[in-house]
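In what follows, a single structure is set out as structure tokens and then discussed.
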Amino acid sequence: MKRSLIIILATAVIAVIAVTIYFTRDKIAYSRETSLYKAIPVTAPVFVEFSSLKAVPADNPVLEQLSGIGGLNRALKKLEQITNDISSNKEIQKQWLKRPVILAFDLVGEDKLRPVFISKIKSAEELNGIQNLLMQLTNTSGVTPQERKYSGHKVFSYDLADGEKVHFCAAGGLIIISPESILLDKSIRQLNSENLTDIRNFMRVNKSVSSQSDMAWFINHQRLPELWNQVINGTTQTEVNEFGVTERHNLRRKAAELKDYAGWSELDMTFHDNHISLNGITAADDSLNHFVTIFKDQQAENFQADKALPRNTSFYFGFSFSDRDLFFQNLIDHFKHANTYYEREELLKKIEKNLGDESRTTFRNMVKNQAVAAITDISPENELSTLFVMNINSRKDGQKAFEEMMTRYASRKKVKVSSLYNSVKVENDKTYRVYQFPYPSLPGVWLGESFRFVKAKYAAFYDDYLVFASSEKSMKDYLSDMELNYTLSEDRAYDRFKRNTESKSNLNVYANVSRMLPLSKKLFNTDFNKAIETNSEVLNQFEAINWQLLSENGVYFNSINLALPDIESNDGDELWSCDLGADVSSKPQIVINHTNENEKEVIVQDEENRLHLVSADGNIIWSIPISGKILSEIHQMDMFRNGKLQYLFNTSEKLYLIDRNGNNVGNFPVTFESAATNGVSVFDYDNNHTYRYFVACENRKVYAFDQEGKIINGWLFEKTKSKVTTPVQHFRVNNRDYIVLKDESKIFIQNRRGATRVPVTTEFQNSRSPLVLNMNGTPKIVASDLAGKVYYLYFDGKVEEKPGGGFSASHYFTVEDLDGNNIPDFVFADGNQLEVADENGLTIYSEKLDNPVSGQPYIYTFSPREKMVGISDAEDNHIYLFKPDGKQVNGFPLRGSSAFSIGELKPGLFCVLVGNNREELVCYGL
């Protein structure tokens with residue numbers, strides 16, 4: 001019975017790893033036998049050499065994880081049987097287990113990948129023992145093998161029960177075993193003819209093998225495309241480029257170009273507790289136009305681009321170079337000797353026709369020493385959000401040169417240059433100029449096929465980087481991430497992974513394994529995708545893989561790392577706790593320390609109505625008594641416009657303004673005429689530190705105060721029909737201001753003076769949850785009634801009722817686009833149930849706790865495409881944090897009984913701050 005290529009591939013790889021399973025701690029020194037290499041088929045794309053059959057650590061956590069793959073698990077058990085049988089077989093010297101072994105793979109017939117096993121043999125007794133072992137392993141005991149002669153050597157063959165065969169021969173002091181007679185014959189022929197020892201680049205890499213290496217991989221790059229073609233998707237895709245030309249893309253044809261990457265590579269494989277590393281050299285010749293020679297005479301550079309890539313980066317491919325002009329000269333020389341040179345030149349000339357004759361030189365002079373292509377999000381339809389990022393020598397000069405090119409383009413296309421850019425506002429009220437770039441294919445045309453997947457449709461300057469994105473939304477998301485410091489370099493999992501990699505490189509490739517798996521359907525053929533799908537649970541456990549190439553003194557070094565998540569990570573570890581003397585009664589808030597912006601502080605109230613300011617290290621700075629429970633968020637403001645911040649908040653009795661030392665400011669606290677029923681809101685309409693405070697009271701009046709706490713007479717709003725218990729809110733939509741509030745049955749949309757701006761005629765019994773402004777699609781206010789039915793209130797007065805309901809009157813509700821698909825998601829907490837649904841009422845996920853959810857669910861923004869829902873169970877002293885798909889974040893649940901905050905207390909130190917049931921404020925690492 002013929003086995004599929006995928007099974008053979010899996011079994012072969014498994015055998016390679018499995019042969020390493022019975023690791024001995026003793027380091028075995030041996031001389032590499034040249035005769036072993038003579039028998040390896042010169043057409044083999046890859047082979048692996050083991051120091052012995054006991055070279056792989058059986059108890060290695062990475063291998064234990066990989067053993068979840070069915071084929072690998074079977075191979076590991078088979079290897080255990082082989083080693084045990086050899087050790088107990090008197091006809092085979094036990095020392096044979098310590099001899100070097102080679103497992104090579106070559107393609108035969110209809111491109112079937114088949115193995116060849118080669119090792120040393122020292123006596124006829126060992127040959128008889130191996131024959132007996134083969135019979136035992138293949139269940140052919142008592143069967144006389146078929147015998148033939150080839151090139152003066154006896155070849156023995158056994159027929160196996162599944163229709164396969166096994167062939168073996170002792171020749172030249174070697175034992176050669178293969179399921180393919182053609183491979184066995186090829187190995188025998190090569191013993192006395194041209195073989196690997198005659199190939200210069202192979203011998204160069206072979207000299208680099210460490211004498212202490214238990215396992216060494218050898219890659220023949222000229223033959224490697226034949227191996228890739230066994231798994232790569234062969235479908236041809238077409239697209240029309242910006243020049244109106246239909247391009248045809250076929251991955252198999254592109255894979256054929258990999259033969260020019262280099263000559264040979266050798267990689268020593270090492271197993272660590274949480275990752276596998278491969279290190280070795282690549283041999284290449286510029287006379288053969290090998291790709292890696294573009295880095296000839298370059299020094300490896302510190303990779304800095306991850307500081308300008310977002311945290312949700314799934315993949316990146318980057319070049320780094322110490323001598324920019326030499327790099328581009330080498331790159332051009334490489335293209336000149338490649339088949340695509342004239343096609344590239346034609347496309348560059350089309351770009352230069354409109355951007356300017358020197359535009360390629362302008363881009364080259366702009367870049368400093370790094371250029372990176374990245375994939376961020378992958379849609380369910382396998383559409384890619386991509387980025388092209390290059391660091392530049394001077395943002396001022398770079399932006400000037402770029403805008404000159406855009407101006408030339410506008411002039412030649414007879415369009416207004418202003419039509420090619422717009423201003424995009426992102427977090428922290430930061431505005432960026434985003435350009436609509438006319439040549440999306442520039443990265444691939446300029447830097448080569450490896451950058452072809454990037455579509456440079458929009459451009460912007462961020463810090464000292466010129467960034468291109470595949471869509472306007474991708475660019476806005478990117479700029480938002482940068483403003484929030486949600487960079488890849490700040491991601492703790494990535495940072496831990498990066499510690500095992502080289503700090504400097506010339507070529508750097510990174511892939512987040514679980515994020516990239518959905519793309520497998522686009523990259524690989526049907527059979528290979530079935531194997532991936534079958535083993536997806538195991539593969540998803542791996543964190544990332546990274547490959548780096550370093551040029552040093554004419555030698556090209558490789559470093560590859562495949563990692564599991566760090567078992568010893570600090571996620572969820574308690575960093576400190578602070579004894580408050582009473583349980584926390586409010587959500588701890590991270591606040592700015594204007595005396596030291598690198599160390600933020602925490603402000604929190606306890607059940608005895610004391611307010612505490614706590615340092616980033618968990619030390620209480622001060623504690624002061626407050627007249628009652630704080631109803632509001634604690635707002636920071638710069639009342640005196642001098643950079644020194646104050647805290648504003650209210651109880652039911654008073655409005656407080658205190659400074660960082662805990663002292664009252666001015667004539668504060670202000671006593672209310674009637675008890676407050678909601679938390680104070682602070683509005684700074686024009687961002688000029690002219691503040692307005694709004695508070696609703698028991699007398700059903702809504703008061704407006706100036707920043708000194710005096711009632712504003714110009715506020716015209718009259719009484720509500722019933723109590724207002726949620727904060728008054730300020731929304732700015734299309735440059736118009738809306739003051740929004742609600743009582744038990746009515747929603748009011750007013751202007752700055754309190755007069756009605758949008759009449760709301762629809763009335764319903766409002767829930768206790770605050771109103772939410774949602775900007776997905778048409779801007780709208782979102783509210784829920786007592787039963788959890790959701791309403792959209794548009795700013796033209798129209799009201800839309802959404803499907804849903806069925807919750808109790810005590811439910812909590814909020815709305816947010818959790819996954820960045822531009823569609824609102826509804827979040828409900830009712831009793832012990834958390835439910836997240838789409839706007840059509842379809843459940844996305846649902847979670848049930850043992851006890852009632854304690855208070856309002858909070859939304860935590862990690863990026864525009866990853867917003868998480870947090871809830872607390874005070875009775876059980878646990879807090880929970882859920883990803884957009886409903887999976888709980890690693891490390892959660894954590895111990896805690898209050899609402900919690902997530903943020904950065906010190907640079908790079910992201911924390912969870914929560915009260916527990918032991919009168920403590922606790923800080924956990926995240």
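In the structure tokens, the first chain shown is A, the next is B, and so on; residue numbers restart at 1 for each chain, and ligands run from 1 in the order shown.
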- Message: Which of stretch 288-357 of chain A end up as helix (DSSP H, G or I) when DSSP is run on this backbone - answer as a PyMOL selection string?
- Response: chain A and resi 288+291-295+305-308+324-336+341-355
Within 10 Å of stretch 724-743 of chain A, which residues of stretch 581-667 of chain A come that close, and what is the closest atom pair and distance in Å for each? Count only C-alpha atoms and give it as CSV.
```
residue,atom,partner,partner_atom,distance
A:Leu631,CA,A:Pro727,CA,9.5
A:Ser632,CA,A:Pro727,CA,7.9
A:Glu633,CA,A:Pro727,CA,9.5
```
Report the closest atom pair, with its distance in Å rounded to one decimal, for each residue of stretch 484-537 of chain A that has an atom no farther than 12 Å from stretch 849-873 of chain A; count only C-alpha atoms, sort by chain and then rising residue number, and write it as JSON lines.
```
{"residue": "A:Leu484", "atom": "CA", "partner": "A:Ser863", "partner_atom": "CA", "distance": 8.2}
{"residue": "A:Asn485", "atom": "CA", "partner": "A:Ser863", "partner_atom": "CA", "distance": 9.6}
{"residue": "A:Tyr486", "atom": "CA", "partner": "A:Ser863", "partner_atom": "CA", "distance": 6.7}
{"residue": "A:Thr487", "atom": "CA", "partner": "A:Ser863", "partner_atom": "CA", "distance": 9.5}
{"residue": "A:Leu488", "atom": "CA", "partner": "A:Ser863", "partner_atom": "CA", "distance": 11.3}
{"residue": "A:Glu490", "atom": "CA", "partner": "A:Phe862", "partner_atom": "CA", "distance": 11.5}
{"residue": "A:Asp491", "atom": "CA", "partner": "A:Phe862", "partner_atom": "CA", "distance": 10.3}
```
Export of prior selection with N, CA and C atoms as a short mmCIF file (atom, residue, chain, number, x, y, z; two decimals), in the first residue's frame:
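Contents of again.cif, freshly written:
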```cif
data_model
loop_
_atom_site.label_atom_id
_atom_site.label_comp_id
_atom_site.auth_asym_id
_atom_site.auth_seq_id
_atom_site.Cartn_x
_atom_site.Cartn_y
_atom_site.Cartn_z
N LEU A 484 -0.39 54.37 21.56
CA LEU A 484 -0.65 53.69 22.83
C LEU A 484 0.54 52.86 23.29
N ASN A 485 1.62 52.91 22.50
CA ASN A 485 2.83 52.12 22.79
C ASN A 485 2.54 50.62 22.76
N TYR A 486 1.56 50.22 21.94
CA TYR A 486 1.26 48.80 21.78
C TYR A 486 2.15 48.24 20.68
N THR A 487 3.44 48.22 20.95
CA THR A 487 4.39 47.77 19.95
C THR A 487 4.78 46.32 20.23
N LEU A 488 5.32 45.68 19.22
CA LEU A 488 5.75 44.29 19.36
C LEU A 488 6.86 44.18 20.40
N GLU A 490 7.21 45.75 23.04
CA GLU A 490 6.68 45.89 24.40
C GLU A 490 5.83 44.69 24.79
N ASP A 491 5.62 43.75 23.87
CA ASP A 491 4.84 42.56 24.21
C ASP A 491 5.72 41.62 25.02
#
```
Using only C-alpha atoms, I'd like a table of the residues in stretch 504-602 of chain A that come within 12 Å of stretch 646-665 of chain A; for each, show the closest atom pair and its distance in Å rounded to one decimal, ordered by chain and ascending number, as a Markdown table.
```
| residue | atom | partner | partner_atom | distance |
| --- | --- | --- | --- | --- |
| A:Gln589 | CA | A:Tyr647 | CA | 11.3 |
| A:Val591 | CA | A:Tyr647 | CA | 9.3 |
| A:Ile592 | CA | A:Arg660 | CA | 9.9 |
| A:Asn593 | CA | A:Arg660 | CA | 8.2 |
| A:His594 | CA | A:Arg660 | CA | 8.6 |
| A:Thr595 | CA | A:Arg660 | CA | 9.5 |
| A:Glu601 | CA | A:Arg660 | CA | 10.3 |
| A:Val602 | CA | A:Arg660 | CA | 11.5 |
```
With N, CA, C and O atoms retained, export the selected residues as an mmCIF file, in the first residue's frame.
```cif
data_model
loop_
_atom_site.group_PDB
_atom_site.id
_atom_site.type_symbol
_atom_site.label_atom_id
_atom_site.label_comp_id
_atom_site.auth_asym_id
_atom_site.auth_seq_id
_atom_site.Cartn_x
_atom_site.Cartn_y
_atom_site.Cartn_z
ATOM 1 N N GLN A 589 -7.243 53.180 40.215
ATOM 2 C CA GLN A 589 -6.948 53.921 38.991
ATOM 3 C C GLN A 589 -5.464 54.235 38.898
ATOM 4 O O GLN A 589 -4.842 54.666 39.876
ATOM 5 N N VAL A 591 -2.717 56.660 37.728
ATOM 6 C CA VAL A 591 -2.708 58.104 37.474
ATOM 7 C C VAL A 591 -1.293 58.568 37.182
ATOM 8 O O VAL A 591 -0.298 57.925 37.542
ATOM 9 N N ILE A 592 -1.215 59.710 36.524
ATOM 10 C CA ILE A 592 0.080 60.285 36.143
ATOM 11 C C ILE A 592 0.734 60.918 37.363
ATOM 12 O O ILE A 592 0.094 61.602 38.157
ATOM 13 N N ASN A 593 2.005 60.671 37.518
ATOM 14 C CA ASN A 593 2.822 61.321 38.537
ATOM 15 C C ASN A 593 3.558 62.457 37.861
ATOM 16 O O ASN A 593 4.542 62.232 37.152
ATOM 17 N N HIS A 594 3.099 63.691 38.055
ATOM 18 C CA HIS A 594 3.704 64.800 37.306
ATOM 19 C C HIS A 594 5.115 65.123 37.777
ATOM 20 O O HIS A 594 5.827 65.887 37.119
ATOM 21 N N THR A 595 5.553 64.524 38.892
ATOM 22 C CA THR A 595 6.931 64.748 39.349
ATOM 23 C C THR A 595 7.905 63.749 38.732
ATOM 24 O O THR A 595 9.108 63.940 38.770
ATOM 25 N N GLU A 601 1.317 56.278 39.374
ATOM 26 C CA GLU A 601 0.864 55.988 40.729
ATOM 27 C C GLU A 601 -0.537 55.415 40.678
ATOM 28 O O GLU A 601 -1.172 55.378 39.613
ATOM 29 N N VAL A 602 -1.012 54.948 41.812
ATOM 30 C CA VAL A 602 -2.344 54.337 41.900
ATOM 31 C C VAL A 602 -3.140 55.078 42.973
ATOM 32 O O VAL A 602 -2.620 55.315 44.075
#
```
- Message: Need to verify the contact set: A:Leu420, 8 Å, only C-alpha atoms, exclusion of same-chain residues closer than 2 positions in sequence. Can you return it as a list in words?
- Response: Met406, Ala410, Lys416, Val417, Ser418, Asn422, Tyr435, Gln436 and Phe437 of chain A
Give me a file of those residues, with N, CA and C atoms, as a tab-separated table (two decimals), in the first residue's frame.
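Final output, saved to part_23.tsv:
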```
chain	number	residue	atom	x	y	z
A	406	MET	N	5.19	63.18	-4.31
A	406	MET	CA	3.73	63.18	-4.42
A	406	MET	C	3.24	64.40	-5.21
A	410	ALA	N	1.03	64.37	-8.60
A	410	ALA	CA	-0.22	65.12	-8.76
A	410	ALA	C	-0.18	65.99	-10.00
A	416	LYS	N	-5.26	67.54	-7.79
A	416	LYS	CA	-4.79	68.36	-6.68
A	416	LYS	C	-3.99	67.50	-5.71
A	417	VAL	N	-2.86	68.02	-5.29
A	417	VAL	CA	-2.03	67.24	-4.37
A	417	VAL	C	-2.76	67.02	-3.06
A	418	SER	N	-3.65	67.95	-2.69
A	418	SER	CA	-4.41	67.81	-1.44
A	418	SER	C	-5.36	66.62	-1.48
A	422	ASN	N	-4.92	62.96	3.68
A	422	ASN	CA	-5.89	63.51	4.63
A	422	ASN	C	-5.32	63.38	6.03
A	435	TYR	N	-1.01	59.59	3.45
A	435	TYR	CA	-0.97	59.77	2.00
A	435	TYR	C	-1.55	58.55	1.30
A	436	GLN	N	-2.28	58.80	0.22
A	436	GLN	CA	-2.73	57.70	-0.63
A	436	GLN	C	-1.64	57.48	-1.67
A	437	PHE	N	-0.88	56.38	-1.49
A	437	PHE	CA	0.29	56.15	-2.33
A	437	PHE	C	-0.13	55.42	-3.60
```
Excluding A:Lys368 and its own-chain neighbours fewer than 4 positions away, which residues fall within 7 Å of it when counting only C-alpha atoms? Please give them as a compact mmCIF listing (two decimals) with N, CA and C atoms, in the first residue's frame.
```
# COMPACT_ATOMS: atom_id res chain seq x y z
N ASN A 391 13.21 52.46 8.49
CA ASN A 391 13.70 53.58 9.30
C ASN A 391 14.43 54.55 8.38
N ILE A 392 14.37 55.81 8.72
CA ILE A 392 14.89 56.85 7.83
C ILE A 392 15.89 57.71 8.58
N ASN A 393 16.76 58.35 7.83
CA ASN A 393 17.82 59.16 8.42
C ASN A 393 17.29 60.41 9.08
```
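Atom CA of A:Tyr556 lies 28.8 Å from atom CA of A:Ile118.
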- Residue contacts of A:Thr407 (10 Å, only C-alpha atoms) excluding same-chain residues fewer than 2 positions away, as number ranges by chain: A: 354-356, 401-405, 409-413, 415-418, 420
- Task: Rounded to one decimal place, report the atom CA of A:Ile626-atom CA of A:His689 distance in Å.
- Result: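 Straight-line distance from atom CA of A:Ile626 to atom CA of A:His689 works out to 25.8 Å.
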- Message: Set the distance at 7 Å and use only C-alpha atoms: which residues neighbour A:Ser745 once local chain neighbours fewer than 6 positions away are removed? I'd like the list as number ranges by chain.
- Response: A: 763-766
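We find atom CA of A:Leu539 and atom CA of A:Leu517 to be spaced 8.4 Å apart.
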- Query: Hey, what does DSSP flag as strand (DSSP E or B) within stretch 141-378 of chain A? Can you give it to me as an MDAnalysis selection string?
  - Reply: chainID A and resid 146:150 153:159 165:171 174:178 215:220 232 236:240 246:250 264:271 275:283 301:302 310 315:320 367:378
- Task: Determine the nearest neighbour of A:Asp306 from the options A:Asp495, A:Glu543, A:Asp464, A:Asp838, counting only C-alpha atoms.
- Result: A:Asp495
